[in-house]
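Trainee: Below you'll find model-v5.pdb; it's PDB, C-alpha atoms.
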MODEL        1
ATOM      1  CA  MET G   1    -255.947 -24.315 -91.370
ATOM      2  CA  GLN G   2    -256.956 -22.647 -94.620
ATOM      3  CA  ALA G   3    -253.313 -22.605 -95.686
ATOM      4  CA  ALA G   4    -253.051 -26.341 -94.991
ATOM      5  CA  LEU G   5    -256.185 -27.168 -96.953
ATOM      6  CA  LEU G   6    -255.120 -24.998 -99.872
ATOM      7  CA  HIS G   7    -251.739 -26.712 -99.952
ATOM      8  CA  LEU G   8    -253.244 -30.211 -99.863
ATOM      9  CA  ARG G   9    -255.825 -29.424-102.537
ATOM     10  CA  ASN G  10    -253.174 -28.049-104.854
ATOM     11  CA  ALA G  11    -250.694 -30.830-104.123
ATOM     12  CA  ASP G  12    -252.933 -33.861-104.644
ATOM     13  CA  PRO G  13    -256.100 -33.999-106.766
ATOM     14  CA  VAL G  14    -257.216 -37.277-105.153
ATOM     15  CA  LEU G  15    -256.946 -35.749-101.700
ATOM     16  CA  ALA G  16    -258.632 -32.594-102.971
ATOM     17  CA  ALA G  17    -261.669 -34.685-103.933
ATOM     18  CA  ILE G  18    -261.717 -36.318-100.493
ATOM     19  CA  ILE G  19    -261.577 -32.925 -98.774
ATOM     20  CA  GLU G  20    -264.487 -31.759-100.911
ATOM     21  CA  ARG G  21    -266.580 -34.807 -99.990
ATOM     22  CA  VAL G  22    -265.752 -34.884 -96.271
ATOM     23  CA  GLY G  23    -266.090 -31.161 -95.640
ATOM     24  CA  ALA G  24    -264.741 -29.069 -92.775
ATOM     25  CA  PHE G  25    -261.751 -30.237 -90.766
ATOM     26  CA  ARG G  26    -262.882 -31.236 -87.247
ATOM     27  CA  MET G  27    -260.129 -33.158 -85.513
ATOM     28  CA  SER G  28    -260.896 -33.774 -81.814
ATOM     29  CA  TYR G  29    -257.879 -32.933 -79.675
ATOM     30  CA  ARG G  30    -256.901 -33.944 -76.145
ATOM     31  CA  GLU G  31    -254.575 -32.334 -73.635
ATOM     32  CA  PRO G  32    -250.892 -33.402 -73.735
ATOM     33  CA  GLU G  33    -251.003 -34.948 -70.267
ATOM     34  CA  PHE G  34    -250.778 -38.277 -68.478
ATOM     35  CA  ALA G  35    -254.493 -39.012 -68.825
ATOM     36  CA  SER G  36    -254.378 -38.805 -72.630
ATOM     37  CA  LEU G  37    -251.564 -41.338 -72.911
ATOM     38  CA  ALA G  38    -253.129 -43.600 -70.292
ATOM     39  CA  ARG G  39    -256.354 -43.514 -72.289
ATOM     40  CA  SER G  40    -254.470 -44.571 -75.423
ATOM     41  CA  ILE G  41    -253.143 -47.621 -73.591
ATOM     42  CA  VAL G  42    -256.630 -48.588 -72.407
ATOM     43  CA  PHE G  43    -258.025 -48.249 -75.939
ATOM     44  CA  GLN G  44    -255.328 -50.358 -77.631
ATOM     45  CA  GLN G  45    -256.776 -53.333 -79.564
ATOM     46  CA  LEU G  46    -260.301 -52.886 -78.201
ATOM     47  CA  ASN G  47    -263.468 -51.689 -79.871
ATOM     48  CA  GLY G  48    -264.444 -48.182 -78.873
ATOM     49  CA  ARG G  49    -267.463 -49.057 -76.707
ATOM     50  CA  ALA G  50    -265.651 -51.681 -74.612
ATOM     51  CA  ALA G  51    -262.609 -49.455 -74.168
ATOM     52  CA  LEU G  52    -264.732 -46.476 -73.139
ATOM     53  CA  THR G  53    -266.516 -48.578 -70.528
ATOM     54  CA  ILE G  54    -263.191 -49.616 -68.992
ATOM     55  CA  TRP G  55    -261.861 -46.062 -69.126
ATOM     56  CA  ASN G  56    -264.973 -44.708 -67.398
ATOM     57  CA  ARG G  57    -264.563 -47.303 -64.642
ATOM     58  CA  LEU G  58    -260.933 -46.259 -64.203
ATOM     59  CA  GLU G  59    -261.973 -42.621 -63.899
ATOM     60  CA  GLU G  60    -264.579 -43.574 -61.302
ATOM     61  CA  ARG G  61    -261.898 -45.297 -59.235
ATOM     62  CA  THR G  62    -259.173 -42.671 -59.553
ATOM     63  CA  GLY G  63    -261.140 -39.509 -60.208
ATOM     64  CA  ALA G  64    -260.890 -37.415 -63.349
ATOM     65  CA  PRO G  65    -258.470 -36.620 -64.755
ATOM     66  CA  VAL G  66    -256.635 -39.911 -64.261
ATOM     67  CA  THR G  67    -253.261 -39.244 -62.620
ATOM     68  CA  PRO G  68    -250.138 -41.343 -61.948
ATOM     69  CA  GLN G  69    -250.920 -41.256 -58.234
ATOM     70  CA  GLY G  70    -254.464 -42.419 -58.896
ATOM     71  CA  VAL G  71    -253.300 -45.369 -60.988
ATOM     72  CA  LEU G  72    -250.641 -46.500 -58.525
ATOM     73  CA  LYS G  73    -253.020 -46.462 -55.564
ATOM     74  CA  LEU G  74    -255.045 -49.216 -57.262
ATOM     75  CA  ARG G  75    -253.811 -52.768 -56.781
ATOM     76  CA  MET G  76    -253.653 -55.250 -59.619
ATOM     77  CA  PRO G  77    -256.859 -57.128 -58.598
ATOM     78  CA  THR G  78    -258.762 -53.825 -58.711
ATOM     79  CA  LEU G  79    -257.367 -52.943 -62.143
ATOM     80  CA  ARG G  80    -258.310 -56.412 -63.385
ATOM     81  CA  LYS G  81    -261.838 -56.044 -61.953
ATOM     82  CA  ILE G  82    -262.220 -52.774 -63.860
ATOM     83  CA  GLY G  83    -261.682 -54.772 -67.045
ATOM     84  CA  LEU G  84    -258.010 -54.262 -67.816
ATOM     85  CA  SER G  85    -255.909 -57.219 -68.858
ATOM     86  CA  ARG G  86    -252.964 -57.992 -66.604
ATOM     87  CA  GLN G  87    -250.674 -56.793 -69.397
ATOM     88  CA  LYS G  88    -252.426 -53.445 -69.844
ATOM     89  CA  ALA G  89    -252.607 -52.889 -66.116
ATOM     90  CA  GLY G  90    -248.847 -53.401 -66.047
ATOM     91  CA  TYR G  91    -248.414 -50.897 -68.868
ATOM     92  CA  LEU G  92    -250.453 -48.278 -67.000
ATOM     93  CA  ARG G  93    -248.499 -48.798 -63.826
ATOM     94  CA  ASP G  94    -245.194 -48.545 -65.717
ATOM     95  CA  LEU G  95    -246.303 -45.268 -67.287
ATOM     96  CA  ALA G  96    -247.417 -43.957 -63.902
ATOM     97  CA  ARG G  97    -244.113 -44.868 -62.237
ATOM     98  CA  ARG G  98    -242.089 -43.248 -65.022
ATOM     99  CA  ALA G  99    -244.216 -40.095 -64.867
ATOM    100  CA  LEU G 100    -243.844 -39.807 -61.093
ATOM    101  CA  GLY G 101    -240.133 -40.575 -61.328
ATOM    102  CA  GLY G 102    -239.581 -37.781 -63.834
ATOM    103  CA  GLU G 103    -238.585 -40.031 -66.749
ATOM    104  CA  ILE G 104    -241.625 -38.817 -68.696
ATOM    105  CA  ARG G 105    -242.242 -35.106 -68.208
ATOM    106  CA  PHE G 106    -245.457 -34.245 -69.970
ATOM    107  CA  GLU G 107    -244.952 -30.529 -69.425
ATOM    108  CA  SER G 108    -241.693 -30.725 -71.404
ATOM    109  CA  LEU G 109    -242.856 -32.800 -74.384
ATOM    110  CA  ALA G 110    -244.166 -29.804 -76.327
ATOM    111  CA  ALA G 111    -240.614 -28.452 -76.611
ATOM    112  CA  LEU G 112    -239.272 -31.667 -78.182
ATOM    113  CA  ALA G 113    -239.053 -32.519 -81.870
ATOM    114  CA  ASP G 114    -241.336 -35.309 -83.102
ATOM    115  CA  PRO G 115    -238.610 -38.023 -83.149
ATOM    116  CA  ASP G 116    -237.584 -37.097 -79.604
ATOM    117  CA  VAL G 117    -241.159 -37.346 -78.349
ATOM    118  CA  ILE G 118    -241.461 -40.795 -79.927
ATOM    119  CA  ALA G 119    -238.136 -41.869 -78.400
ATOM    120  CA  ALA G 120    -239.227 -40.696 -74.944
ATOM    121  CA  LEU G 121    -242.683 -42.271 -74.986
ATOM    122  CA  THR G 122    -241.624 -45.629 -76.417
ATOM    123  CA  THR G 123    -239.455 -46.271 -73.350
ATOM    124  CA  VAL G 124    -242.741 -47.052 -71.586
ATOM    125  CA  LYS G 125    -243.919 -50.668 -71.696
ATOM    126  CA  GLY G 126    -246.827 -51.065 -74.089
ATOM    127  CA  ILE G 127    -246.252 -47.815 -75.960
ATOM    128  CA  GLY G 128    -245.031 -48.302 -79.496
ATOM    129  CA  VAL G 129    -244.436 -45.907 -82.341
ATOM    130  CA  TRP G 130    -248.108 -45.848 -83.383
ATOM    131  CA  THR G 131    -249.323 -44.839 -79.907
ATOM    132  CA  ALA G 132    -246.632 -42.164 -79.711
ATOM    133  CA  GLN G 133    -247.663 -40.855 -83.129
ATOM    134  CA  MET G 134    -251.300 -40.650 -82.024
ATOM    135  CA  PHE G 135    -250.149 -38.599 -79.017
ATOM    136  CA  LEU G 136    -248.234 -36.317 -81.370
ATOM    137  CA  MET G 137    -251.289 -35.818 -83.562
ATOM    138  CA  PHE G 138    -254.142 -35.624 -81.078
ATOM    139  CA  ALA G 139    -252.479 -34.240 -77.922
ATOM    140  CA  LEU G 140    -249.469 -32.233 -79.082
ATOM    141  CA  ARG G 141    -251.310 -31.237 -82.275
ATOM    142  CA  ARG G 142    -248.306 -31.759 -84.530
ATOM    143  CA  PRO G 143    -249.319 -31.049 -88.155
ATOM    144  CA  ASN G 144    -246.933 -33.308 -90.045
ATOM    145  CA  VAL G 145    -247.264 -36.866 -88.709
ATOM    146  CA  LEU G 146    -247.667 -39.836 -91.057
ATOM    147  CA  PRO G 147    -248.490 -43.020 -89.092
ATOM    148  CA  THR G 148    -247.456 -45.621 -91.656
ATOM    149  CA  GLY G 149    -248.446 -48.456 -89.318
ATOM    150  CA  ASP G 150    -252.064 -47.327 -89.016
ATOM    151  CA  TYR G 151    -254.421 -49.791 -90.697
ATOM    152  CA  GLY G 152    -257.073 -47.151 -91.382
ATOM    153  CA  ILE G 153    -254.622 -44.900 -93.228
ATOM    154  CA  ARG G 154    -253.287 -47.849 -95.228
ATOM    155  CA  LEU G 155    -256.804 -48.950 -96.182
ATOM    156  CA  ALA G 156    -257.881 -45.425 -97.084
ATOM    157  CA  MET G 157    -254.815 -44.992 -99.309
ATOM    158  CA  GLN G 158    -255.445 -48.309-101.014
ATOM    159  CA  ARG G 159    -259.048 -47.359-101.787
ATOM    160  CA  ALA G 160    -258.486 -43.721-102.736
ATOM    161  CA  TYR G 161    -255.458 -44.358-104.939
ATOM    162  CA  ARG G 162    -256.694 -47.701-106.332
ATOM    163  CA  MET G 163    -253.695 -49.709-105.169
ATOM    164  CA  ARG G 164    -253.687 -53.450-105.670
ATOM    165  CA  VAL G 165    -252.525 -54.183-102.112
ATOM    166  CA  LEU G 166    -252.350 -52.386 -98.789
ATOM    167  CA  PRO G 167    -249.343 -50.049 -98.992
ATOM    168  CA  GLY G 168    -246.371 -50.359 -96.670
ATOM    169  CA  PRO G 169    -244.258 -47.532 -95.232
ATOM    170  CA  ALA G 170    -242.140 -46.849 -98.352
ATOM    171  CA  PRO G 171    -245.014 -46.352-100.835
ATOM    172  CA  MET G 172    -246.987 -44.421 -98.219
ATOM    173  CA  GLN G 173    -244.112 -42.022 -97.662
ATOM    174  CA  LYS G 174    -243.655 -41.625-101.404
ATOM    175  CA  LEU G 175    -247.329 -40.884-101.929
ATOM    176  CA  ALA G 176    -247.428 -38.422 -99.025
ATOM    177  CA  LYS G 177    -244.329 -36.501-100.081
ATOM    178  CA  SER G 178    -246.404 -33.701-101.596
ATOM    179  CA  TRP G 179    -248.512 -33.394 -98.422
ATOM    180  CA  HIS G 180    -245.676 -32.064 -96.266
ATOM    181  CA  PRO G 181    -245.842 -30.166 -93.936
ATOM    182  CA  TYR G 182    -249.485 -31.132 -93.362
ATOM    183  CA  CYS G 183    -249.554 -34.941 -93.230
ATOM    184  CA  SER G 184    -251.636 -35.005 -90.033
ATOM    185  CA  ILE G 185    -254.427 -33.054 -91.711
ATOM    186  CA  ALA G 186    -254.267 -35.301 -94.772
ATOM    187  CA  CYS G 187    -254.478 -38.376 -92.529
ATOM    188  CA  TRP G 188    -257.572 -37.061 -90.775
ATOM    189  CA  TYR G 189    -259.277 -36.724 -94.148
ATOM    190  CA  LEU G 190    -258.184 -40.227 -95.133
ATOM    191  CA  TRP G 191    -259.700 -41.640 -91.935
ATOM    192  CA  ARG G 192    -262.934 -39.797 -92.614
ATOM    193  CA  SER G 193    -262.952 -40.963 -96.236
ATOM    194  CA  LEU G 194    -263.606 -44.496 -95.007
ATOM    195  CA  ASP G 195    -267.043 -43.298 -93.894
ATOM    196  CA  GLN G 196    -267.823 -42.165 -97.434
ATOM    197  CA  PRO G 197    -269.334 -44.374-100.181
ATOM    198  CA  ALA G 198    -267.017 -45.651-102.881
ATOM    199  CA  GLN G 199    -266.673 -43.294-105.814
ATOM    200  CA  GLN G 200    -267.487 -44.193-109.411
ATOM    201  CA  PRO G 201    -266.164 -44.698-111.991
ATOM    202  CA  VAL G 202    -263.206 -46.628-110.650
ATOM    203  CA  PRO G 203    -259.930 -45.996-112.494
ATOM    204  CA  LEU G 204    -257.427 -48.725-113.197
ATOM    205  CA  PRO G 205    -255.361 -49.854-110.191
ATOM    206  CA  ILE G 206    -251.994 -48.210-109.835
ATOM    207  CA  GLU G 207    -248.701 -49.289-108.339
ATOM    208  CA  ILE G 208    -246.879 -46.882-106.054
TER     209      ILE G 208
ENDMDL
END
Could you take the file, read its structure, and then write that structure out as structure tokens?
Mentor:
Amino acid sequence: MQAALLHLRNADPVLAAIIERVGAFRMSYREPEFASLARSIVFQQLNGRAALTIWNRLEERTGAPVTPQGVLKLRMPTLRKIGLSRQKAGYLRDLARRALGGEIRFESLAALADPDVIAALTTVKGIGVWTAQMFLMFALRRPNVLPTGDYGIRLAMQRAYRMRVLPGPAPMQKLAKSWHPYCSIACWYLWRSLDQPAQQPVPLPIEI
């Protein structure tokens, strides 16, 4: 980790200042297993407290950790009573069926390259590129992921680099070029930077 932080500090003075303000790197990781991906589906488009309540109810019904067998033993009315939308319940059941059928082998994902992991996971209903990238970062612990569709990263870049508008994928990739091979670490600091007060003085806006 010291090598990553040294690289990022030397590569980008704006990011270096963020690292100084935020402090030690403390990313919370999860295991690269079914339960982690199922949890991501439950948490999609919900605030953290509501999502956690639903997830805890699911664990109570299936036992922890949540397994494909545990999900599939619950009927749709039960999943709806827990608090899941019909759509999300369908996503969970699709993931569970694919895991049991061997289409998604969690024990094999660690051996795949990042694009192959994304390709495998996005075959599941309800799992898009962003969710797959979060699995890469927080479960498989891949160090060089840049989730260009993440609103928090876009907002943090706009604020830190004084952009006039929220950046899209192309300017984000251009800005992050010097971060490689440690984009995941840089992104964690950008997320945390949103908890920090705005810095003064504010330089002129830039276009990237």
Trainee: For the file shown, what are the residues hit by the PyMOL selection byres ((chain G and resi 158-160) around 9), laid out as a PyMOL selection string?
Mentor: chain G and resi 14-15+18+153-157+161-167+190+193-194+198-199
Trainee: Looking at only C-alpha atoms, which of G:Pro171, G:Gly149, G:Pro32, G:Pro13 is the one that sits closest to Leu136 in chain G?
Mentor: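 Nearest to Leu136 in chain G: G:Pro32.
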Trainee: Would you mind reading off the distance between CA of Asp195 in chain G and CA of Ala4 in chain G, one decimal, in Å?
Mentor: 22.0 Å
Trainee: My list of candidates is G:Thr122, G:Asn10, G:Ser85, G:Gln2. Which is closest to Ile54 in chain G when distances are computed with only C-alpha atoms?
Mentor: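 That would be G:Ser85, the residue with the smallest distance to Ile54 in chain G.
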Trainee: Could you list, as a short mmCIF file (atom, residue, chain, number, x, y, z; two decimals) with C-alpha atoms, keeping the file's coordinate frame, every residue matched by the PyMOL selection byres ((chain G and resi 66) around 12) in this structure?
Mentor:
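File produced: out28.cif:
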data_model
loop_
_atom_site.label_atom_id
_atom_site.label_comp_id
_atom_site.auth_asym_id
_atom_site.auth_seq_id
_atom_site.Cartn_x
_atom_site.Cartn_y
_atom_site.Cartn_z
CA GLU G 33 -251.00 -34.95 -70.27
CA PHE G 34 -250.78 -38.28 -68.48
CA ALA G 35 -254.49 -39.01 -68.82
CA SER G 36 -254.38 -38.80 -72.63
CA LEU G 37 -251.56 -41.34 -72.91
CA ALA G 38 -253.13 -43.60 -70.29
CA ARG G 39 -256.35 -43.51 -72.29
CA VAL G 42 -256.63 -48.59 -72.41
CA TRP G 55 -261.86 -46.06 -69.13
CA ASN G 56 -264.97 -44.71 -67.40
CA ARG G 57 -264.56 -47.30 -64.64
CA LEU G 58 -260.93 -46.26 -64.20
CA GLU G 59 -261.97 -42.62 -63.90
CA GLU G 60 -264.58 -43.57 -61.30
CA ARG G 61 -261.90 -45.30 -59.24
CA THR G 62 -259.17 -42.67 -59.55
CA GLY G 63 -261.14 -39.51 -60.21
CA ALA G 64 -260.89 -37.42 -63.35
CA PRO G 65 -258.47 -36.62 -64.76
CA THR G 67 -253.26 -39.24 -62.62
CA PRO G 68 -250.14 -41.34 -61.95
CA GLN G 69 -250.92 -41.26 -58.23
CA GLY G 70 -254.46 -42.42 -58.90
CA VAL G 71 -253.30 -45.37 -60.99
CA LEU G 72 -250.64 -46.50 -58.52
CA LYS G 73 -253.02 -46.46 -55.56
CA LEU G 74 -255.04 -49.22 -57.26
CA LEU G 92 -250.45 -48.28 -67.00
CA ALA G 96 -247.42 -43.96 -63.90
#
Trainee: Taking the file above as input, evaluate the PyMOL selection byres ((chain G and resi 117) around 12) and report the hits as JSON, numbers by chain.
Mentor: {"G": [32, 104, 105, 106, 107, 108, 109, 110, 111, 112, 113, 114, 115, 116, 118, 119, 120, 121, 122, 123, 124, 127, 128, 129, 131, 132, 133, 134, 135, 136, 137, 139, 140, 142]}
Trainee: Please produce an output containing C-alpha atoms for each residue in the selection, written as a PDB file, in the coordinates of the input.
Mentor:
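result_38.pdb was written with the following content:
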ATOM      1  CA  PRO G  32    -250.892 -33.402 -73.735  1.00  0.00           C
ATOM      2  CA  ILE G 104    -241.625 -38.817 -68.696  1.00  0.00           C
ATOM      3  CA  ARG G 105    -242.242 -35.106 -68.208  1.00  0.00           C
ATOM      4  CA  PHE G 106    -245.457 -34.245 -69.970  1.00  0.00           C
ATOM      5  CA  GLU G 107    -244.952 -30.529 -69.425  1.00  0.00           C
ATOM      6  CA  SER G 108    -241.693 -30.725 -71.404  1.00  0.00           C
ATOM      7  CA  LEU G 109    -242.856 -32.800 -74.384  1.00  0.00           C
ATOM      8  CA  ALA G 110    -244.166 -29.804 -76.327  1.00  0.00           C
ATOM      9  CA  ALA G 111    -240.614 -28.452 -76.611  1.00  0.00           C
ATOM     10  CA  LEU G 112    -239.272 -31.667 -78.182  1.00  0.00           C
ATOM     11  CA  ALA G 113    -239.053 -32.519 -81.870  1.00  0.00           C
ATOM     12  CA  ASP G 114    -241.336 -35.309 -83.102  1.00  0.00           C
ATOM     13  CA  PRO G 115    -238.610 -38.023 -83.149  1.00  0.00           C
ATOM     14  CA  ASP G 116    -237.584 -37.097 -79.604  1.00  0.00           C
ATOM     15  CA  ILE G 118    -241.461 -40.795 -79.927  1.00  0.00           C
ATOM     16  CA  ALA G 119    -238.136 -41.869 -78.400  1.00  0.00           C
ATOM     17  CA  ALA G 120    -239.227 -40.696 -74.944  1.00  0.00           C
ATOM     18  CA  LEU G 121    -242.683 -42.271 -74.986  1.00  0.00           C
ATOM     19  CA  THR G 122    -241.624 -45.629 -76.417  1.00  0.00           C
ATOM     20  CA  THR G 123    -239.455 -46.271 -73.350  1.00  0.00           C
ATOM     21  CA  VAL G 124    -242.741 -47.052 -71.586  1.00  0.00           C
ATOM     22  CA  ILE G 127    -246.252 -47.815 -75.960  1.00  0.00           C
ATOM     23  CA  GLY G 128    -245.031 -48.302 -79.496  1.00  0.00           C
ATOM     24  CA  VAL G 129    -244.436 -45.907 -82.341  1.00  0.00           C
ATOM     25  CA  THR G 131    -249.323 -44.839 -79.907  1.00  0.00           C
ATOM     26  CA  ALA G 132    -246.632 -42.164 -79.711  1.00  0.00           C
ATOM     27  CA  GLN G 133    -247.663 -40.855 -83.129  1.00  0.00           C
ATOM     28  CA  MET G 134    -251.300 -40.650 -82.024  1.00  0.00           C
ATOM     29  CA  PHE G 135    -250.149 -38.599 -79.017  1.00  0.00           C
ATOM     30  CA  LEU G 136    -248.234 -36.317 -81.370  1.00  0.00           C
ATOM     31  CA  MET G 137    -251.289 -35.818 -83.562  1.00  0.00           C
ATOM     32  CA  ALA G 139    -252.479 -34.240 -77.922  1.00  0.00           C
ATOM     33  CA  LEU G 140    -249.469 -32.233 -79.082  1.00  0.00           C
ATOM     34  CA  ARG G 142    -248.306 -31.759 -84.530  1.00  0.00           C
TER      35      ARG G 142
END
Trainee: By how many Å are CA of Ala186 in chain G and CA of Lys125 in chain G apart?
Mentor: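 Value for the CA of Ala186 in chain G-CA of Lys125 in chain G distance: 29.6 Å.
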Trainee: Distance CA of Leu79 in chain G-CA of Arg49 in chain G, one decimal place?
Mentor: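 CA of Leu79 in chain G sits 18.1 Å away from CA of Arg49 in chain G.
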Trainee: Rank G:Glu103, G:Glu20, G:Asp150, G:Asp94 by their smallest atom-to-atom distance to Gly126 in chain G, using only C-alpha atoms, and report the top residue only.
Mentor: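 Answer, going by the shortest atom-to-atom distance: G:Asp94.
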Trainee: Counting all atoms listed in the file, note down every residue that has an atom within 6 Å of the point (-253.5, -53.2, -73.8) (file coordinates), as an MDAnalysis selection string.
Mentor: chainID G and resid 41:42 44 88
Trainee: Which residues are near Trp179 in chain G? Cut-off 9 Å, only C-alpha atoms, ignore same chain within fewer than 3 positions. Put them as a ChimeraX atom specification.
Mentor: /G:7-8,11-12,144,175-176,182-183,185-186
Trainee: So for range 64-71 of chain G, what box centre and size do we get, axis-aligned, 4 Å extra on each of the six sides, every listed atom, Å to one decimal, as JSON?
Mentor:
{"center_x": -255.5, "center_y": -41.0, "center_z": -61.5, "size_x": 18.8, "size_y": 16.7, "size_z": 14.5}
Trainee: From the list G:Met27, G:Lys81, G:Gly90, G:Thr53, which residue is nearest Cys187 in chain G when using only C-alpha atoms?
Mentor: G:Met27
Trainee: Can you pull out every residue within 10 Å of Arg21 in chain G, counting only C-alpha atoms, but drop anything in the same chain fewer than 5 positions away, and send it as a PyMOL selection string?
Mentor: chain G and resi 15-16+189+192-193+196-197
Trainee: Go through G:Gly168, G:Ile19, G:Trp188, G:Ala99 and flag the residue nearest Leu6 in chain G, using all atoms listed in the file for the distances.
Mentor: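 Among the listed residues, G:Ile19 lies closest to Leu6 in chain G.
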